[in-house]
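**Q** Pasting my_file-v7.pdb below, which is PDB, C-alpha atoms and all ligand atoms.
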MODEL        1
ATOM      1  CA  MET A   1       0.000   0.000   0.000  1.00  0.00           C
ATOM      2  CA  SER A   2       1.136   3.466  -0.793  1.00  0.00           C
ATOM      3  CA  GLN A   3       2.498   5.634   1.971  1.00  0.00           C
ATOM      4  CA  SER A   4       2.957   8.675  -0.303  1.00  0.00           C
ATOM      5  CA  SER A   5       2.433  11.880   1.598  1.00  0.00           C
ATOM      6  CA  GLY A   6       0.404  13.492  -1.222  1.00  0.00           C
ATOM      7  CA  VAL A   7      -2.946  14.321   0.325  1.00  0.00           C
ATOM      8  CA  HIS A   8      -4.692  14.760  -3.024  1.00  0.00           C
ATOM      9  CA  VAL A   9      -4.851  11.192  -4.193  1.00  0.00           C
ATOM     10  CA  ASN A  10      -5.949  10.384  -7.670  1.00  0.00           C
ATOM     11  CA  ASN A  11      -9.298   8.825  -6.909  1.00  0.00           C
ATOM     12  CA  THR A  12      -9.452   6.726 -10.022  1.00  0.00           C
ATOM     13  CA  CYS A  13      -8.113   3.269  -9.372  1.00  0.00           C
ATOM     14  CA  TYR A  14      -5.911   1.153 -11.645  1.00  0.00           C
ATOM     15  CA  CYS A  15      -8.917  -0.446 -13.313  1.00  0.00           C
ATOM     16  CA  ALA A  16     -10.361   3.000 -14.091  1.00  0.00           C
ATOM     17  CA  ARG A  17     -13.157   2.908 -11.548  1.00  0.00           C
ATOM     18  CA  MET A  18     -13.869   5.692  -9.094  1.00  0.00           C
ATOM     19  CA  ALA A  19     -12.121   4.717  -5.890  1.00  0.00           C
ATOM     20  CA  ILE A  20     -14.304   4.793  -2.799  1.00  0.00           C
ATOM     21  CA  MET A  21     -13.265   6.422   0.426  1.00  0.00           C
ATOM     22  CA  LYS A  22     -13.433   4.403   3.609  1.00  0.00           C
ATOM     23  CA  THR A  23     -12.378   4.876   7.199  1.00  0.00           C
ATOM     24  CA  SER A  24     -10.149   2.399   8.945  1.00  0.00           C
ATOM     25  CA  TRP A  25     -11.288   1.128  12.365  1.00  0.00           C
ATOM     26  CA  THR A  26      -8.314  -1.018  13.200  1.00  0.00           C
ATOM     27  CA  ASP A  27      -6.352  -0.147  16.315  1.00  0.00           C
ATOM     28  CA  LEU A  28      -3.302   0.726  14.241  1.00  0.00           C
ATOM     29  CA  ASN A  29      -5.085   3.194  11.934  1.00  0.00           C
ATOM     30  CA  LEU A  30      -8.126   4.265  13.845  1.00  0.00           C
ATOM     31  CA  GLY A  31     -10.189   6.853  11.995  1.00  0.00           C
ATOM     32  CA  ARG A  32      -7.670   7.075   9.182  1.00  0.00           C
ATOM     33  CA  ARG A  33      -9.281   7.424   5.779  1.00  0.00           C
ATOM     34  CA  PHE A  34      -8.194   5.586   2.688  1.00  0.00           C
ATOM     35  CA  ALA A  35      -9.255   5.315  -0.935  1.00  0.00           C
ATOM     36  CA  ILE A  36      -9.831   1.854  -2.302  1.00  0.00           C
ATOM     37  CA  CYS A  37     -10.918   0.225  -5.529  1.00  0.00           C
ATOM     38  CA  PRO A  38     -14.676  -0.514  -5.293  1.00  0.00           C
ATOM     39  CA  LYS A  39     -13.825  -4.061  -6.380  1.00  0.00           C
ATOM     40  CA  TYR A  40     -10.689  -4.367  -4.288  1.00  0.00           C
ATOM     41  CA  LYS A  41      -9.233  -7.883  -4.562  1.00  0.00           C
ATOM     42  CA  GLN A  42     -12.370  -9.034  -6.359  1.00  0.00           C
ATOM     43  CA  ILE A  43     -12.620 -10.432  -9.867  1.00  0.00           C
ATOM     44  CA  GLY A  44     -12.266  -7.585 -12.338  1.00  0.00           C
ATOM     45  CA  GLY A  45     -11.038  -5.241  -9.645  1.00  0.00           C
ATOM     46  CA  CYS A  46      -7.546  -4.125  -8.752  1.00  0.00           C
ATOM     47  CA  LYS A  47      -5.389  -3.636  -5.686  1.00  0.00           C
ATOM     48  CA  TYR A  48      -5.710   0.137  -5.542  1.00  0.00           C
ATOM     49  CA  TYR A  49      -5.424   1.110  -1.865  1.00  0.00           C
ATOM     50  CA  VAL A  50      -4.166   4.543  -0.889  1.00  0.00           C
ATOM     51  CA  TRP A  51      -4.160   6.254   2.467  1.00  0.00           C
ATOM     52  CA  ILE A  52      -5.703   9.725   2.410  1.00  0.00           C
ATOM     53  CA  ASP A  53      -4.898  10.815   5.944  1.00  0.00           C
ATOM     54  CA  PRO A  54      -1.304  10.875   7.152  1.00  0.00           C
ATOM     55  CA  PRO A  55      -0.249   8.047   9.449  1.00  0.00           C
ATOM     56  CA  MET A  56      -1.048   8.469  13.091  1.00  0.00           C
ATOM     57  CA  CYS A  57       1.807   9.282  15.374  1.00  0.00           C
ATOM     58  CA  ASP A  58       2.853   6.575  17.819  1.00  0.00           C
ATOM     59  CA  ARG A  59       1.294   8.439  20.694  1.00  0.00           C
ATOM     60  CA  SER A  60      -2.194   8.585  19.148  1.00  0.00           C
ATOM     61  CA  ARG A  61      -1.797   5.005  18.017  1.00  0.00           C
ATOM     62  CA  ASN A  62      -1.151   3.994  21.618  1.00  0.00           C
ATOM     63  CA  ILE A  63      -3.694   6.254  23.255  1.00  0.00           C
ATOM     64  CA  ILE A  64      -6.776   6.301  21.003  1.00  0.00           C
ATOM     65  CA  PRO A  65      -7.703   2.581  21.098  1.00  0.00           C
ATOM     66  CA  GLY A  66      -7.430   2.664  24.887  1.00  0.00           C
ATOM     67  CA  LEU A  67      -9.591   5.781  25.018  1.00  0.00           C
ATOM     68  CA  LEU A  68     -12.220   4.182  22.809  1.00  0.00           C
ATOM     69  CA  ARG A  69     -12.279   1.098  25.010  1.00  0.00           C
ATOM     70  CA  LYS A  70     -12.640   3.335  28.057  1.00  0.00           C
ATOM     71  CA  ILE A  71     -15.508   5.247  26.438  1.00  0.00           C
ATOM     72  CA  ASN A  72     -17.277   1.990  25.620  1.00  0.00           C
ATOM     73  CA  LYS A  73     -16.749   0.782  29.170  1.00  0.00           C
ATOM     74  CA  TYR A  74     -18.106   4.018  30.635  1.00  0.00           C
ATOM     75  CA  GLU A  75     -21.095   3.917  28.312  1.00  0.00           C
ATOM     76  CA  ASP A  76     -21.863   0.410  29.544  1.00  0.00           C
ATOM     77  CA  GLU A  77     -21.530   1.539  33.151  1.00  0.00           C
ATOM     78  CA  LEU A  78     -23.679   4.591  32.499  1.00  0.00           C
ATOM     79  CA  LYS A  79     -26.353   2.346  31.021  1.00  0.00           C
ATOM     80  CA  LYS A  80     -26.206   0.102  34.102  1.00  0.00           C
ATOM     81  CA  CYS A  81     -26.443   3.149  36.386  1.00  0.00           C
ATOM     82  CA  GLU A  82     -29.444   4.453  34.463  1.00  0.00           C
ATOM     83  CA  ASP A  83     -31.163   1.076  34.810  1.00  0.00           C
ATOM     84  CA  GLU A  84     -30.441   1.024  38.531  1.00  0.00           C
ATOM     85  CA  LEU A  85     -31.670   4.592  38.926  1.00  0.00           C
ATOM     86  CA  LYS A  86     -34.877   3.639  37.165  1.00  0.00           C
ATOM     87  CA  LYS A  87     -35.290   0.720  39.564  1.00  0.00           C
ATOM     88  CA  CYS A  88     -34.656   3.020  42.555  1.00  0.00           C
ATOM     89  CA  GLU A  89     -37.230   5.487  41.282  1.00  0.00           C
ATOM     90  CA  ASP A  90     -39.785   2.690  40.991  1.00  0.00           C
ATOM     91  CA  ASP A  91     -38.965   1.501  44.530  1.00  0.00           C
ATOM     92  CA  LEU A  92     -39.221   5.053  45.833  1.00  0.00           C
ATOM     93  CA  LYS A  93     -42.612   5.424  44.215  1.00  0.00           C
ATOM     94  CA  LYS A  94     -43.788   2.196  45.880  1.00  0.00           C
ATOM     95  CA  CYS A  95     -42.431   3.412  49.224  1.00  0.00           C
ATOM     96  CA  GLU A  96     -44.249   6.713  48.876  1.00  0.00           C
ATOM     97  CA  GLU A  97     -47.504   4.934  48.105  1.00  0.00           C
ATOM     98  CA  GLN A  98     -47.063   2.699  51.150  1.00  0.00           C
ATOM     99  CA  LEU A  99     -46.199   5.709  53.276  1.00  0.00           C
ATOM    100  CA  ILE A 100     -49.384   7.473  52.197  1.00  0.00           C
ATOM    101  CA  LYS A 101     -51.421   4.341  52.991  1.00  0.00           C
ATOM    102  CA  LYS A 102     -49.668   4.008  56.345  1.00  0.00           C
ATOM    103  CA  GLY A 103     -50.252   7.685  57.053  1.00  0.00           C
ATOM    104  CA  SER A 104     -54.007   7.384  56.623  1.00  0.00           C
ATOM    105  CA  ARG A 105     -54.008   4.229  58.742  1.00  0.00           C
ATOM    106  CA  GLU A 106     -52.177   6.107  61.485  1.00  0.00           C
ATOM    107  CA  LYS A 107     -54.694   8.907  61.319  1.00  0.00           C
ATOM    108  CA  TRP A 108     -57.513   6.397  61.943  1.00  0.00           C
ATOM    109  CA  LEU A 109     -55.558   4.826  64.781  1.00  0.00           C
ATOM    110  CA  TRP A 110     -55.239   8.235  66.418  1.00  0.00           C
ATOM    111  CA  ILE A 111     -58.974   8.862  66.063  1.00  0.00           C
ATOM    112  CA  ALA A 112     -59.761   5.426  67.556  1.00  0.00           C
ATOM    113  CA  LEU A 113     -57.330   6.066  70.400  1.00  0.00           C
ATOM    114  CA  THR A 114     -58.897   9.460  71.117  1.00  0.00           C
ATOM    115  CA  VAL A 115     -62.372   7.946  71.144  1.00  0.00           C
ATOM    116  CA  ALA A 116     -61.173   5.152  73.424  1.00  0.00           C
ATOM    117  CA  MET A 117     -59.570   7.670  75.794  1.00  0.00           C
ATOM    118  CA  PHE A 118     -62.778   9.688  75.793  1.00  0.00           C
ATOM    119  CA  LEU A 119     -64.841   6.597  76.614  1.00  0.00           C
ATOM    120  CA  VAL A 120     -62.436   5.613  79.395  1.00  0.00           C
ATOM    121  CA  TYR A 121     -62.651   9.150  80.784  1.00  0.00           C
ATOM    122  CA  MET A 122     -66.432   9.121  80.640  1.00  0.00           C
ATOM    123  CA  PHE A 123     -67.074   5.764  82.273  1.00  0.00           C
ATOM    124  CA  VAL A 124     -64.276   5.333  84.776  1.00  0.00           C
TER     125      VAL A 124
HETATM  126 ZN    ZN B   1      -9.811  -0.843  -9.394  1.00  0.00          ZN
ENDMDL
END
Please re-express this file's structure in structure tokens.
Ligand SMILES: [Zn+2]

**A**
Amino acid sequence: MSQSSGVHVNNTCYCARMAIMKTSWTDLNLGRRFAICPKYKQIGGCKYYVWIDPPMCDRSRNIIPGLLRKINKYEDELKKCEDELKKCEDDLKKCEEQLIKKGSREKWLWIALTVAMFLVYMFV
């Protein structure tokens, strides 16, 4: 494959087709664009394969794949947290409903107690 530094590649491949632009997603060339024969390594095609973007420096090559993995990991964790939060919200809602029910029960208990106290006061 060509490593020529010319940014303006001739986008017609060796078999006179319009080369298509693709983006590499391998760890070594993450996000690096290249032009390729639309029938690359296929019958009737050719082996036209030219990088459009300059090679990544060693530092990016070492850092970017790790960063992407981290992002994916954090996205997974975020998703888990959101699920858990949803569950907590549901639980909280249930608790609130129970608390309201309990509150009205307590109110009736207080009324009954007051009535009982009144009756005790009246007849003792
Ligand atoms: Zn071709």

**Q** Using all atoms listed in the file, which of the listed residues (A:Ser60, A:Asn11, A:Thr114, A:Thr26) sits closest to ligand ZN 1 (chain B)?

**A**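 Under the stated criterion, the closest residue is A:Asn11.
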
**Q** How would you report the residues lying within 6 Å of ligand ZN 1 (chain B), as a ChimeraX atom specification, if you count all atoms listed in the file?

**A** /A:13-15,17,37,39,45-46,48

**Q** Which residue out of A:Leu92, A:Ile52, A:Met18, A:Ile63 has the minimum interatomic distance to A:Pro38 when all atoms listed in the file are used?

**A**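 Using all atoms listed in the file, the shortest distance to A:Pro38 belongs to A:Met18.
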
**Q** Find the distance between atom CA of A:Glu96 and atom CA of A:Glu82 and write it in Å to one decimal.

**A**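 Between these atoms lies a distance of 20.8 Å.
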
**Q** Could you please determine the separation between atom CA of A:Ile64 and atom CA of A:Asp27 in Å, to one decimal place?

**A**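 These two atoms are separated by 8.0 Å.
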
**Q** One decimal, Å: what's the distance from atom CA of A:Cys88 over to atom CA of A:Lys102, could you say?

**A** 20.4 Å

**Q** I would like the residues chosen by the PyMOL selection byres (((chain A and resi 30) around 10) and not hetatm) on the shown file; could you give them as a list in words?

**A**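 Applying the expression gives Thr23, Ser24, Trp25, Thr26, Asp27, Leu28, Asn29, Gly31, Arg32, Arg33, Pro55, Met56, Ser60, Arg61, Ile64, Pro65 and Leu68 of chain A.
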
**Q** Pick the closest to A:Asp53 from A:Met21, A:Phe123, A:Lys80, A:Leu67: which is it, counting only C-alpha atoms?

**A**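 Of A:Met21, A:Phe123, A:Lys80, A:Leu67, the one nearest A:Asp53 is A:Met21, counting only C-alpha atoms.
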